[in-house]
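Here is the file work39.txt (compact mmCIF, C-alpha atoms and all ligand atoms).
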# COMPACT_ATOMS: atom_id res chain seq x y z
CA MET Z 1 0.79 -0.56 31.72
CA VAL Z 2 -0.31 -2.64 28.76
CA ASN Z 3 1.44 -6.01 28.91
CA LYS Z 4 0.91 -7.19 25.34
CA ARG Z 5 2.98 -6.20 22.30
CA ILE Z 6 1.11 -3.66 20.18
CA TYR Z 7 1.69 -4.25 16.48
CA LEU Z 8 1.24 -1.77 13.64
CA CYS Z 9 -1.72 -3.54 12.06
CA LEU Z 10 -2.76 -7.14 12.70
CA ALA Z 11 -5.35 -9.28 10.95
CA HIS Z 12 -8.69 -9.25 12.78
CA MET Z 13 -11.37 -11.84 12.08
CA SER Z 14 -15.16 -11.47 12.19
CA GLU Z 15 -16.70 -12.29 15.56
CA GLU Z 16 -18.91 -14.99 14.05
CA GLY Z 17 -15.84 -16.76 12.63
CA LEU Z 18 -17.26 -16.56 9.11
CA GLU Z 19 -13.77 -16.86 7.66
CA GLN Z 20 -13.47 -20.37 9.12
CA LYS Z 21 -16.97 -21.29 7.96
CA TYR Z 22 -16.07 -20.46 4.35
CA ILE Z 23 -12.73 -22.25 4.62
CA LYS Z 24 -14.49 -25.32 6.02
CA GLU Z 25 -16.93 -25.24 3.12
CA ALA Z 26 -13.97 -25.22 0.73
CA PHE Z 27 -12.51 -28.31 2.40
CA ASP Z 28 -15.88 -30.07 2.67
CA THR Z 29 -16.55 -29.59 -1.04
CA ASN Z 30 -12.93 -30.24 -2.05
CA TRP Z 31 -12.45 -26.83 -3.63
CA VAL Z 32 -8.85 -26.61 -2.40
CA VAL Z 33 -7.55 -24.91 -5.54
CA PRO Z 34 -6.84 -21.43 -6.88
CA LEU Z 35 -10.41 -21.02 -8.17
CA GLY Z 36 -13.86 -21.96 -6.90
CA PRO Z 37 -17.02 -20.70 -5.19
CA ASN Z 38 -15.26 -18.61 -2.54
CA VAL Z 39 -13.13 -16.86 -5.19
CA ASN Z 40 -16.18 -16.06 -7.33
CA ALA Z 41 -18.21 -14.86 -4.34
CA PHE Z 42 -15.31 -12.76 -3.00
CA GLU Z 43 -14.96 -11.09 -6.39
CA GLU Z 44 -18.69 -10.32 -6.37
CA ASP Z 45 -18.45 -8.89 -2.82
CA LEU Z 46 -15.51 -6.71 -3.86
CA ALA Z 47 -17.29 -5.47 -6.99
CA THR Z 48 -20.34 -4.52 -4.90
CA PHE Z 49 -18.09 -2.76 -2.38
CA VAL Z 50 -16.18 -0.69 -4.94
CA GLY Z 51 -19.32 -0.04 -7.03
CA LYS Z 52 -19.41 1.93 -10.28
CA ASP Z 53 -20.13 -1.25 -12.31
CA LYS Z 54 -16.54 -2.39 -11.96
CA LYS Z 55 -15.40 -5.98 -12.36
CA VAL Z 56 -12.79 -7.49 -10.02
CA VAL Z 57 -10.28 -10.33 -10.36
CA ALA Z 58 -9.02 -11.81 -7.07
CA LEU Z 59 -5.30 -12.56 -7.18
CA SER Z 60 -2.53 -14.07 -5.07
CA SER Z 61 -1.12 -10.66 -4.12
CA GLY Z 62 -1.31 -6.92 -4.67
CA THR Z 63 2.07 -7.15 -6.39
CA ALA Z 64 0.55 -9.57 -8.93
CA ALA Z 65 -2.26 -7.04 -9.46
CA VAL Z 66 0.26 -4.28 -10.28
CA HIS Z 67 2.09 -6.65 -12.62
CA LEU Z 68 -1.06 -7.68 -14.53
CA ALA Z 69 -2.33 -4.11 -14.76
CA LEU Z 70 0.96 -3.06 -16.36
CA ILE Z 71 0.76 -5.92 -18.85
CA ALA Z 72 -2.86 -5.04 -19.62
CA CYS Z 73 -1.71 -1.46 -20.32
CA GLY Z 74 0.79 -2.85 -22.84
CA VAL Z 75 3.95 -2.12 -20.83
CA GLY Z 76 6.95 -3.98 -22.23
CA PRO Z 77 10.73 -3.85 -22.61
CA GLY Z 78 12.08 -0.34 -23.17
CA ASP Z 79 8.94 1.42 -21.97
CA GLU Z 80 8.74 3.92 -19.14
CA VAL Z 81 6.09 4.09 -16.42
CA ILE Z 82 5.51 7.04 -14.10
CA VAL Z 83 5.42 5.80 -10.48
CA GLN Z 84 4.99 7.70 -7.22
CA SER Z 85 8.40 7.57 -5.55
CA PHE Z 86 7.06 7.65 -2.01
CA THR Z 87 5.75 4.09 -1.76
CA PHE Z 88 6.42 0.46 -0.97
CA CYS Z 89 8.57 -1.29 -3.59
CA ALA Z 90 5.65 -3.33 -4.98
CA SER Z 91 4.39 -0.24 -6.85
CA SER Z 92 7.52 -0.13 -9.00
CA HIS Z 93 9.19 -3.56 -8.97
CA PRO Z 94 6.68 -5.08 -11.45
CA VAL Z 95 7.67 -2.36 -13.94
CA THR Z 96 11.16 -3.83 -13.91
CA TYR Z 97 9.82 -7.43 -14.20
CA LEU Z 98 8.65 -6.32 -17.67
CA GLY Z 99 12.00 -4.86 -18.75
CA ALA Z 100 10.54 -1.36 -18.47
CA THR Z 101 11.87 1.56 -16.41
CA PRO Z 102 10.05 3.34 -13.58
CA VAL Z 103 10.19 7.13 -13.72
CA PHE Z 104 9.78 8.32 -10.15
CA VAL Z 105 7.74 11.39 -9.29
CA ASP Z 106 7.86 13.05 -5.88
CA SER Z 107 4.96 13.98 -3.60
CA GLU Z 108 2.97 17.01 -2.52
CA ARG Z 109 3.16 18.13 1.14
CA ASP Z 110 -0.51 17.77 2.01
CA THR Z 111 -1.22 14.18 1.07
CA TRP Z 112 2.34 12.82 0.69
CA ASN Z 113 1.11 11.45 -2.66
CA MET Z 114 2.09 12.14 -6.27
CA ASP Z 115 2.39 15.84 -7.02
CA PRO Z 116 0.23 16.37 -10.15
CA ASP Z 117 2.24 19.39 -11.37
CA LEU Z 118 5.51 17.50 -11.08
CA MET Z 119 3.87 14.54 -12.77
CA GLU Z 120 3.00 16.67 -15.79
CA GLU Z 121 6.52 18.08 -15.84
CA ALA Z 122 7.87 14.53 -15.85
CA ILE Z 123 5.55 13.48 -18.71
CA LYS Z 124 6.62 16.44 -20.83
CA ASP Z 125 10.29 15.90 -20.08
CA ARG Z 126 10.15 12.16 -20.86
CA ILE Z 127 8.47 12.88 -24.18
CA ALA Z 128 11.14 15.51 -24.96
CA LYS Z 129 14.01 13.23 -23.93
CA THR Z 130 12.86 9.87 -25.31
CA GLY Z 131 10.36 10.80 -27.99
CA LYS Z 132 7.87 8.43 -26.34
CA LYS Z 133 5.05 8.86 -23.85
CA PRO Z 134 5.23 6.95 -20.56
CA LYS Z 135 3.01 3.86 -20.91
CA ALA Z 136 1.14 4.23 -17.59
CA ILE Z 137 0.91 6.33 -14.43
CA VAL Z 138 0.89 4.74 -10.94
CA PRO Z 139 -0.25 7.03 -8.10
CA VAL Z 140 -0.28 5.46 -4.61
CA ALA Z 141 -2.69 5.98 -1.70
CA LEU Z 142 0.05 6.23 0.91
CA TYR Z 143 -1.15 4.92 4.29
CA GLY Z 144 -4.65 5.10 2.80
CA MET Z 145 -4.57 8.82 1.98
CA PRO Z 146 -6.29 9.65 -1.32
CA TYR Z 147 -4.20 11.27 -4.04
CA GLN Z 148 -5.57 14.23 -6.03
CA ILE Z 149 -7.14 11.84 -8.48
CA ASP Z 150 -9.23 14.46 -10.30
CA ARG Z 151 -6.11 16.41 -11.28
CA ILE Z 152 -4.12 13.26 -12.01
CA MET Z 153 -6.90 11.97 -14.29
CA GLU Z 154 -7.19 15.34 -16.02
CA ILE Z 155 -3.48 15.35 -16.89
CA ALA Z 156 -3.43 11.63 -17.76
CA ASP Z 157 -6.40 12.14 -20.11
CA LYS Z 158 -4.71 15.14 -21.71
CA TYR Z 159 -1.74 12.94 -22.69
CA ASP Z 160 -3.89 9.83 -23.15
CA ILE Z 161 -1.93 7.73 -20.64
CA PRO Z 162 -3.74 5.05 -18.58
CA VAL Z 163 -3.74 5.36 -14.79
CA ILE Z 164 -3.20 2.32 -12.55
CA GLU Z 165 -4.29 3.34 -9.07
CA ASP Z 166 -2.21 1.59 -6.41
CA ALA Z 167 -4.84 1.51 -3.68
CA ALA Z 168 -3.18 -1.48 -1.95
CA GLU Z 169 -3.15 0.56 1.28
CA GLY Z 170 -6.30 2.49 0.40
CA PHE Z 171 -9.01 -0.17 0.49
CA GLY Z 172 -12.22 1.75 1.20
CA SER Z 173 -10.64 5.21 1.03
CA ARG Z 174 -12.69 7.66 -1.01
CA TYR Z 175 -12.10 10.79 -2.99
CA ASP Z 176 -15.12 12.97 -3.65
CA GLY Z 177 -17.34 10.14 -2.42
CA LYS Z 178 -15.97 7.50 -4.81
CA VAL Z 179 -13.86 4.54 -3.75
CA LEU Z 180 -10.18 4.67 -4.71
CA GLY Z 181 -9.26 2.22 -7.43
CA THR Z 182 -12.35 3.08 -9.50
CA TYR Z 183 -11.08 6.28 -11.15
CA GLY Z 184 -8.21 4.92 -13.21
CA GLU Z 185 -8.16 2.25 -15.89
CA TYR Z 186 -7.19 -0.30 -13.20
CA GLY Z 187 -7.19 -0.31 -9.39
CA VAL Z 188 -4.87 -2.41 -7.24
CA LEU Z 189 -5.91 -3.80 -3.84
CA SER Z 190 -3.90 -5.82 -1.32
CA PHE Z 191 -5.19 -8.21 1.33
CA ASN Z 192 -1.86 -8.96 2.96
CA GLY Z 193 -2.01 -9.79 6.69
CA ASN Z 194 -1.40 -6.19 7.73
CA LYS Z 195 -3.96 -4.51 5.45
CA MET Z 196 -7.49 -3.17 6.09
CA ILE Z 197 -8.89 -6.63 5.42
CA THR Z 198 -6.85 -9.75 4.85
CA THR Z 199 -6.92 -13.04 3.01
CA SER Z 200 -3.60 -13.93 4.73
CA GLY Z 201 -1.90 -12.98 1.47
CA GLY Z 202 -3.78 -11.81 -1.58
CA GLY Z 203 -4.81 -8.94 -3.77
CA ALA Z 204 -7.23 -7.93 -6.47
CA LEU Z 205 -7.37 -5.92 -9.64
CA ILE Z 206 -10.35 -3.68 -10.27
CA CYS Z 207 -11.05 -3.70 -14.03
CA PRO Z 208 -13.11 -1.21 -16.01
CA ASP Z 209 -15.36 -3.67 -17.85
CA LYS Z 210 -16.00 -7.28 -18.81
CA LYS Z 211 -13.60 -7.14 -21.77
CA GLU Z 212 -10.64 -6.03 -19.62
CA TRP Z 213 -11.71 -8.43 -16.85
CA ASP Z 214 -11.59 -11.32 -19.35
CA LYS Z 215 -8.09 -10.28 -20.42
CA VAL Z 216 -6.80 -10.04 -16.84
CA MET Z 217 -8.47 -13.32 -15.84
CA TRP Z 218 -6.89 -15.03 -18.87
CA LEU Z 219 -3.43 -13.67 -17.98
CA ALA Z 220 -3.89 -14.65 -14.31
CA THR Z 221 -4.64 -18.26 -15.23
CA GLN Z 222 -1.67 -19.13 -17.48
CA ALA Z 223 -3.30 -17.67 -20.64
CA ARG Z 224 -5.00 -20.90 -21.65
CA GLU Z 225 -6.81 -21.36 -24.94
CA SER Z 226 -10.02 -23.36 -25.00
CA TYR Z 227 -8.69 -26.58 -26.44
CA PRO Z 228 -9.17 -29.98 -24.78
CA TYR Z 229 -5.40 -29.91 -24.13
CA TYR Z 230 -3.12 -27.10 -22.90
CA GLN Z 231 -2.52 -24.69 -25.76
CA HIS Z 232 -0.82 -21.33 -25.17
CA ASP Z 233 -0.55 -18.45 -27.63
CA ALA Z 234 0.81 -16.05 -24.98
CA ILE Z 235 2.72 -16.11 -21.70
CA GLY Z 236 0.41 -16.12 -18.68
CA TYR Z 237 0.83 -16.25 -14.91
CA ASN Z 238 -0.38 -18.39 -12.02
CA TYR Z 239 -1.81 -15.44 -10.10
CA ARG Z 240 -5.40 -16.37 -9.27
CA MET Z 241 -6.41 -16.36 -5.60
CA SER Z 242 -6.75 -19.65 -3.72
CA ASN Z 243 -10.28 -20.70 -2.77
CA ILE Z 244 -9.08 -21.07 0.84
CA CYS Z 245 -7.76 -17.49 0.98
CA ALA Z 246 -10.92 -16.21 -0.69
CA GLY Z 247 -12.92 -17.87 2.10
CA ILE Z 248 -11.08 -15.64 4.57
CA GLY Z 249 -11.80 -12.69 2.27
CA ARG Z 250 -15.55 -13.40 2.24
CA GLY Z 251 -15.64 -13.36 6.02
CA GLN Z 252 -13.53 -10.22 6.12
CA MET Z 253 -15.91 -8.38 3.80
CA THR Z 254 -18.56 -8.60 6.52
CA VAL Z 255 -16.34 -6.50 8.82
CA ALA Z 256 -14.64 -4.24 6.25
CA ASN Z 257 -16.68 -1.18 7.18
CA ASP Z 258 -16.15 -1.81 10.91
CA HIS Z 259 -12.41 -1.97 10.30
CA ILE Z 260 -12.45 1.31 8.41
CA ALA Z 261 -14.52 2.94 11.18
CA HIS Z 262 -12.05 1.68 13.77
CA HIS Z 263 -9.06 3.11 11.89
CA HIS Z 264 -10.88 6.46 11.71
CA HIS Z 265 -11.53 6.32 15.44
CA VAL Z 266 -7.89 5.55 16.28
CA GLN Z 267 -6.69 8.37 14.01
CA ALA Z 268 -9.07 10.82 15.72
CA LEU Z 269 -7.80 9.72 19.13
CA TYR Z 270 -4.15 10.23 18.12
CA GLU Z 271 -5.04 13.67 16.74
CA GLU Z 272 -6.76 14.60 20.00
CA LEU Z 273 -4.17 13.19 22.42
CA LEU Z 274 -1.12 14.50 20.54
CA LYS Z 275 -2.44 17.94 19.66
CA ASP Z 276 -0.55 19.73 22.44
CA VAL Z 277 2.66 17.74 22.26
CA LYS Z 278 5.27 20.16 21.00
CA GLY Z 279 7.45 18.90 18.16
CA VAL Z 280 5.10 16.00 17.28
CA THR Z 281 2.59 16.42 14.43
CA VAL Z 282 -0.05 13.91 13.42
CA HIS Z 283 -0.37 13.66 9.63
CA LYS Z 284 -3.97 14.63 8.84
CA GLN Z 285 -6.00 14.55 5.68
CA PRO Z 286 -6.69 17.83 3.88
CA ALA Z 287 -10.21 19.20 4.18
CA GLY Z 288 -12.63 18.75 1.30
CA LYS Z 289 -12.87 15.71 -0.92
CA TYR Z 290 -10.51 13.45 1.03
CA ASP Z 291 -11.77 10.46 3.00
CA SER Z 292 -8.80 8.31 4.02
CA ASN Z 293 -9.19 4.87 5.55
CA PHE Z 294 -6.22 5.82 7.78
CA TRP Z 295 -4.67 2.42 7.25
CA LEU Z 296 -1.73 3.58 9.36
CA SER Z 297 -1.64 6.72 11.45
CA THR Z 298 1.61 8.60 11.05
CA ILE Z 299 3.40 11.33 12.95
CA THR Z 300 6.31 13.58 12.11
CA LEU Z 301 8.94 14.82 14.56
CA ASP Z 302 10.47 18.27 14.36
CA PRO Z 303 14.17 17.79 13.59
CA ASP Z 304 15.12 19.75 16.72
CA LEU Z 305 12.86 17.75 19.07
CA LYS Z 306 15.11 16.13 21.65
CA VAL Z 307 14.35 12.45 22.21
CA LYS Z 308 15.99 10.47 24.99
CA GLY Z 309 18.83 8.26 23.77
CA GLU Z 310 19.11 9.87 20.35
CA GLU Z 311 22.88 9.87 20.75
CA ASN Z 312 22.66 6.05 20.61
CA ALA Z 313 20.65 5.91 17.39
CA TYR Z 314 22.20 3.86 14.59
CA LYS Z 315 25.13 2.77 16.75
CA THR Z 316 24.58 -0.92 16.09
CA ILE Z 317 23.74 -2.86 12.92
CA VAL Z 318 20.14 -4.11 12.99
CA ARG Z 319 20.02 -7.90 12.69
CA GLY Z 320 16.77 -9.46 11.55
CA ALA Z 321 13.55 -7.65 10.79
CA ILE Z 322 12.10 -4.70 12.62
CA GLY Z 323 8.69 -5.89 13.80
CA GLY Z 324 9.54 -9.52 13.10
CA ALA Z 325 8.59 -9.48 9.40
CA ALA Z 326 9.52 -12.65 7.55
CA GLY Z 327 12.06 -12.79 4.78
CA VAL Z 328 14.65 -10.32 6.03
CA ILE Z 329 17.50 -12.67 5.19
CA HIS Z 330 20.31 -10.28 4.36
CA VAL Z 331 22.04 -8.79 7.37
CA ALA Z 332 22.72 -5.08 6.88
CA SER Z 333 26.38 -4.39 6.18
CA THR Z 334 26.42 -0.96 7.82
CA ALA Z 335 24.54 0.68 10.67
CA VAL Z 336 23.80 3.75 8.55
CA THR Z 337 22.93 4.65 4.94
CA ASP Z 338 23.22 7.97 3.14
CA CYS Z 339 19.49 8.63 3.57
CA GLN Z 340 17.77 7.55 6.78
CA PRO Z 341 15.31 8.83 9.41
CA ASN Z 342 16.71 11.44 11.79
CA ASN Z 343 18.32 10.26 15.02
CA ASN Z 344 15.36 11.48 17.10
CA VAL Z 345 12.96 9.36 14.99
CA GLU Z 346 15.11 6.26 15.40
CA ALA Z 347 15.44 6.96 19.14
CA MET Z 348 11.65 7.24 19.48
CA ARG Z 349 11.18 4.03 17.49
CA MET Z 350 13.60 2.27 19.83
CA ALA Z 351 11.91 3.71 22.94
CA LEU Z 352 8.49 2.55 21.71
CA ASN Z 353 9.93 -0.85 20.83
CA ASP Z 354 11.29 -1.21 24.37
CA ALA Z 355 7.80 -0.34 25.64
CA GLY Z 356 6.27 -3.16 23.55
CA ILE Z 357 5.03 -0.95 20.72
CA GLU Z 358 5.83 -1.53 17.06
CA ALA Z 359 6.47 1.76 15.27
CA ARG Z 360 8.07 1.94 11.84
CA PRO Z 361 9.70 4.62 9.69
CA VAL Z 362 7.61 5.70 6.70
CA TRP Z 363 8.53 4.16 3.33
CA LYS Z 364 11.94 5.14 2.03
CA PRO Z 365 11.33 6.83 -1.34
CA MET Z 366 12.12 4.64 -4.32
CA HIS Z 367 14.38 7.25 -5.91
CA LYS Z 368 16.63 6.94 -2.83
CA GLN Z 369 16.83 3.14 -3.05
CA PRO Z 370 20.19 1.86 -4.31
CA VAL Z 371 18.45 -0.58 -6.63
CA TYR Z 372 16.84 2.35 -8.48
CA LYS Z 373 19.89 4.63 -8.59
CA ASP Z 374 19.77 4.78 -12.40
CA ALA Z 375 16.01 5.35 -12.76
CA PRO Z 376 14.92 8.85 -13.82
CA ALA Z 377 13.42 10.82 -10.92
CA TYR Z 378 11.56 14.12 -10.71
CA VAL Z 379 11.98 15.32 -7.15
CA ASN Z 380 10.98 18.29 -5.04
CA GLY Z 381 12.41 17.12 -1.69
CA VAL Z 382 9.05 16.29 -0.07
CA SER Z 383 9.31 12.50 0.20
CA GLU Z 384 12.92 12.64 1.36
CA ASP Z 385 12.01 15.24 4.02
CA VAL Z 386 9.05 13.22 5.27
CA PHE Z 387 11.11 10.00 5.28
CA LYS Z 388 13.55 11.67 7.68
CA ILE Z 389 10.89 12.83 10.13
CA GLY Z 390 8.01 10.33 9.80
CA LEU Z 391 6.95 7.40 11.99
CA CYS Z 392 4.00 5.00 11.59
CA LEU Z 393 2.02 4.10 14.68
CA PRO Z 394 -0.19 1.07 15.49
CA THR Z 395 -3.70 1.51 14.12
CA GLY Z 396 -5.39 -1.82 13.39
CA PRO Z 397 -8.64 -3.18 14.84
CA TYR Z 398 -6.69 -4.77 17.72
CA VAL Z 399 -5.55 -1.34 18.93
CA SER Z 400 -7.84 -0.25 21.76
CA ASP Z 401 -8.37 3.24 23.17
CA GLU Z 402 -6.29 2.15 26.15
CA ASP Z 403 -3.49 1.12 23.77
CA VAL Z 404 -3.58 4.51 22.02
CA ARG Z 405 -3.37 6.31 25.37
CA TYR Z 406 -0.45 4.09 26.38
CA ILE Z 407 1.32 4.74 23.04
CA VAL Z 408 0.84 8.51 23.42
CA ASP Z 409 2.13 8.36 27.02
CA CYS Z 410 5.21 6.48 25.79
CA ILE Z 411 5.76 9.07 23.05
CA LYS Z 412 5.63 11.88 25.64
CA GLU Z 413 7.84 9.92 28.00
CA SER Z 414 10.48 9.46 25.28
CA ILE Z 415 10.86 13.22 24.80
CA GLN Z 416 13.66 14.89 26.80
C1 LIG J 501 1.60 0.63 -1.91
C2 LIG J 501 1.60 -0.85 -2.04
N1 LIG J 501 1.53 -1.39 -3.27
C3 LIG J 501 1.49 -2.70 -3.46
C4 LIG J 501 1.56 -3.58 -2.38
C5 LIG J 501 1.63 -5.02 -2.67
O1 LIG J 501 0.72 -5.81 -2.06
P1 LIG J 501 1.05 -7.32 -1.66
O2 LIG J 501 1.85 -7.28 -0.41
O3 LIG J 501 -0.31 -7.90 -1.47
O4 LIG J 501 1.77 -7.95 -2.80
C6 LIG J 501 1.63 -3.06 -1.07
C7 LIG J 501 1.64 -3.86 0.13
O5 LIG J 501 2.11 -4.74 0.54
C8 LIG J 501 1.68 -1.66 -0.91
O6 LIG J 501 1.81 -1.13 0.31

Once more with this new file: its structure as structure tokens, please.
Amino acid sequence: MVNKRIYLCLAHMSEEGLEQKYIKEAFDTNWVVPLGPNVNAFEEDLATFVGKDKKVVALSSGTAAVHLALIACGVGPGDEVIVQSFTFCASSHPVTYLGATPVFVDSERDTWNMDPDLMEEAIKDRIAKTGKKPKAIVPVALYGMPYQIDRIMEIADKYDIPVIEDAAEGFGSRYDGKVLGTYGEYGVLSFNGNKMITTSGGGALICPDKKEWDKVMWLATQARESYPYYQHDAIGYNYRMSNICAGIGRGQMTVANDHIAHHHHVQALYEELLKDVKGVTVHKQPAGKYDSNFWLSTITLDPDLKVKGEENAYKTIVRGAIGGAAGVIHVASTAVTDCQPNNNVEAMRMALNDAGIEARPVWKPMHKQPVYKDAPAYVNGVSEDVFKIGLCLPTGPYVSDEDVRYIVDCIKESIQ
């Protein structure tokens, strides 16, 4: 019996406490501002990590990175942007901040990421219906899994549409040996507390060259002109990363590869321990060019798998946040919605929760979110299917082999 609560993915600091060393330096030198030596050094570390002569701007969040990338691609009111539907809301919400409309595209079975054929269909149809090309394409590395970026780039190049890779969950994932976020025009990273590395909250935008980097940096720092006073010719944002947060990031970069290796190890253990459990399938990466960071390991449950207590699923309204996340202020008004995980998935989530394990349904596709009911969507049923049967399991550096064995035992125990 493990007597701690096992979370999905917790921040994990370097053993030498380098994060605190860099934070202390920031305090000692009075660089307690959203710029400074830690921010510059963190950006350098990130650029070295992603390689390919890219330039990186460190920002206050991954959401800010999506927002700035869209602005840099010229997205504005009345435009459309192709976005993977199967994702966290931060991939698409910034499109709406700009008065533009997300056009959601469904996923392929293998990777759960944007289906390139459907994407091309959507591009053609939008051009036919609106007379305009979508302004950008946003594929998402769901749970770290690489998308088919070679095919996506081929189609995007054919129509001359820039690609913004949302690699917020895919820090360190590779496709054909190259780091995600370096294929498209821009690459989004997130360093939220639950990601592969953290800065508590933070993100970064990978830019193609110095010219684009200058533009993004200018936009991220209130678009100032170089006068002795504050002169603004354009609207900018206060999105640059704090020097304190960047100190955490610098320490985290020293353990980034260890974290990725640990996630790989945990995934392999789940694959091994669950391989003979009937009705439970671990989501694996396709063979070939894919090299996921396995940010979160995920399983799917056969719809006819019987899980103990499934008759009690969705009987009560959930109050507060699953997993204790902050900011869940609105209390749900109903216990059910018209699109939700199957009862056996909810029953397994509840059984794991009672056993001290945080498990979470996979992202609910954006085209099924009430807030996006009017957005165009090109669907093939994949993301909705996976949403109904998928469950994310704990995977972070704090998850030990013993924890994985305990989690797998609890999964088996929950089955009737
Ligand atoms: C796919 C995806 N895109 C964007 C973000 C936004 O990142 P942040 O939370 O740093 O704003 C996240 C994560 O939180 C994410 O999972």

request  = For ligand LIG 501 (chain J), list the contacting residues at 6 Å or closer, counting only C-alpha atoms and all ligand atoms, as a list in words.
outcome  =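 Here is the list of contacting residues: Ser61, Gly62, Thr63, Thr87, Phe88, Ala90, Ser91, Val140, Asp166, Ala168, Glu169, Ser190, Phe191, Asn192, Gly202 and Gly203 of chain Z.
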
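Coordinates place atom CA of Z:Gly170 at a distance of 18.5 Å from atom CA of Z:Ser383.
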
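Nearest residue to Z:Lys158 among Z:Glu120, Z:Asp258, Z:Asp374, Z:Glu108 is Z:Glu120, counting all atoms listed in the file.
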
Counting all atoms listed in the file, which residues of stretch 117-227 of chain Z sit at most 9 Å from some atom of stretch 290-310 of chain Z, and what is each one's closest atom pair with its distance in Å to one decimal, listed by chain and rising residue number, as a Markdown table?
| residue | atom | partner | partner_atom | distance |
| --- | --- | --- | --- | --- |
| Z:Ala141 | CA | Z:Ser292 | CA | 8.7 |
| Z:Leu142 | CA | Z:Trp295 | CA | 8.8 |
| Z:Tyr143 | CA | Z:Trp295 | CA | 5.2 |
| Z:Gly144 | CA | Z:Trp295 | CA | 5.2 |
| Z:Met145 | CA | Z:Ser292 | CA | 4.7 |
| Z:Pro146 | CA | Z:Ser292 | CA | 6.1 |
| Z:Tyr147 | CA | Z:Tyr290 | CA | 8.4 |
| Z:Gln148 | CA | Z:Tyr290 | CA | 8.7 |
| Z:Glu169 | CA | Z:Trp295 | CA | 6.4 |
| Z:Gly170 | CA | Z:Asn293 | CA | 6.4 |
| Z:Phe171 | CA | Z:Asn293 | CA | 7.1 |
| Z:Gly172 | CA | Z:Asn293 | CA | 6.2 |
| Z:Ser173 | CA | Z:Ser292 | CA | 4.7 |
| Z:Arg174 | CA | Z:Asp291 | CA | 5.0 |
| Z:Tyr175 | CA | Z:Tyr290 | CA | 5.1 |
| Z:Asp176 | CA | Z:Tyr290 | CA | 6.6 |
| Z:Gly177 | CA | Z:Asp291 | CA | 7.8 |
| Z:Lys195 | CA | Z:Trp295 | CA | 7.2 |
| Z:Met196 | CA | Z:Trp295 | CA | 6.4 |

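Distance annotation: of Z:Leu46, Z:Val399, Z:Ala359, Z:Val103, the residue with the minimal separation from Z:Gly249 is Z:Leu46; atom set is all atoms listed in the file.
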
request  = Considering all atoms listed in the file, state which residue in the set Z:Val105, Z:Ile149, Z:Ala69, Z:Ala11 is at the smallest distance from Z:Ser85.
outcome  = Z:Val105

key: Close residues, Z:Leu205 itself excluded, 8 Å, all atoms listed in the file, min 3 positions apart in chain, as a list in words   =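 Once the adjacent positions are removed, what remains is Val56, Val57, Ala58, Leu59, Gly62, Ala65, Val66, Ala69, Tyr186, Gly187, Val188 and Leu189 of chain Z.
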
File of the preceding selection, C-alpha atoms, as a CSV table (one decimal), keeping the file's coordinate frame:
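Now in part36.csv:
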chain,number,residue,atom,x,y,z
Z,56,VAL,CA,-12.8,-7.5,-10.0
Z,57,VAL,CA,-10.3,-10.3,-10.4
Z,58,ALA,CA,-9.0,-11.8,-7.1
Z,59,LEU,CA,-5.3,-12.6,-7.2
Z,62,GLY,CA,-1.3,-6.9,-4.7
Z,65,ALA,CA,-2.3,-7.0,-9.5
Z,66,VAL,CA,0.3,-4.3,-10.3
Z,69,ALA,CA,-2.3,-4.1,-14.8
Z,186,TYR,CA,-7.2,-0.3,-13.2
Z,187,GLY,CA,-7.2,-0.3,-9.4
Z,188,VAL,CA,-4.9,-2.4,-7.2
Z,189,LEU,CA,-5.9,-3.8,-3.8

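With only C-alpha atoms as the atoms that count, the minimum distance from Z:Val83 to the choices Z:Ala335, Z:Leu393, Z:Ala375, Z:Ala64 is reached by Z:Ala375.
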
request  = Compile the contact shell of Z:Ile389 as an NGL selection string: residues with an atom at most 12 Å away, counting all atoms listed in the file, same-chain residues fewer than 5 positions apart removed.
outcome  = :Z and (279-283 or 298-305 or 339-349 or 360-364 or 382-384)

Near-stretch 14-22 of chain Z list (7 Å; all atoms listed in the file; drop same-chain fewer than 6 positions) as a tab-separated table (two decimals) with C-alpha atoms, in the coordinates of the input:
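Wrote part_17.tsv, looks like this:
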chain	number	residue	atom	x	y	z
Z	247	GLY	CA	-12.92	-17.87	2.10
Z	248	ILE	CA	-11.08	-15.64	4.57
Z	250	ARG	CA	-15.55	-13.40	2.24
Z	251	GLY	CA	-15.64	-13.36	6.02
Z	252	GLN	CA	-13.53	-10.22	6.12
Z	255	VAL	CA	-16.34	-6.50	8.82

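Each of Z:Leu273, Z:Leu98, Z:Ile127, Z:Leu68 was compared to Z:Ala204 using all atoms listed in the file, and Z:Leu68 turns out to be the nearest.
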
inquiry  = Rounded to one decimal, what separation in Å do you get between atom CA of Z:Asp214 and atom CA of Z:Arg240?
reply    =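 Atom-to-atom, atom CA of Z:Asp214 and atom CA of Z:Arg240 are spaced 12.9 Å apart.
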
task = Give the answer as one residue: which of Z:Asn312, Z:Gln285, Z:Asn238, Z:Thr337 has the shortest atom-to-atom distance to Z:Met217, using only C-alpha atoms?
result =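 Closest residue, counting only C-alpha atoms: Z:Asn238.
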
Point-to-point distance from atom CA of Z:Lys412 to atom CA of Z:Val277, Å rounded to tenths = 7.4 Å

Report the centre and edge lengths, in Å to one decimal, of an axis-aligned box enclosing every atom of stretch 307-320 of chain Z listed in the file, padded by 8 Å on each side, as JSON.
{"center_x": 19.7, "center_y": 1.5, "center_z": 18.3, "size_x": 26.8, "size_y": 37.9, "size_z": 29.4}
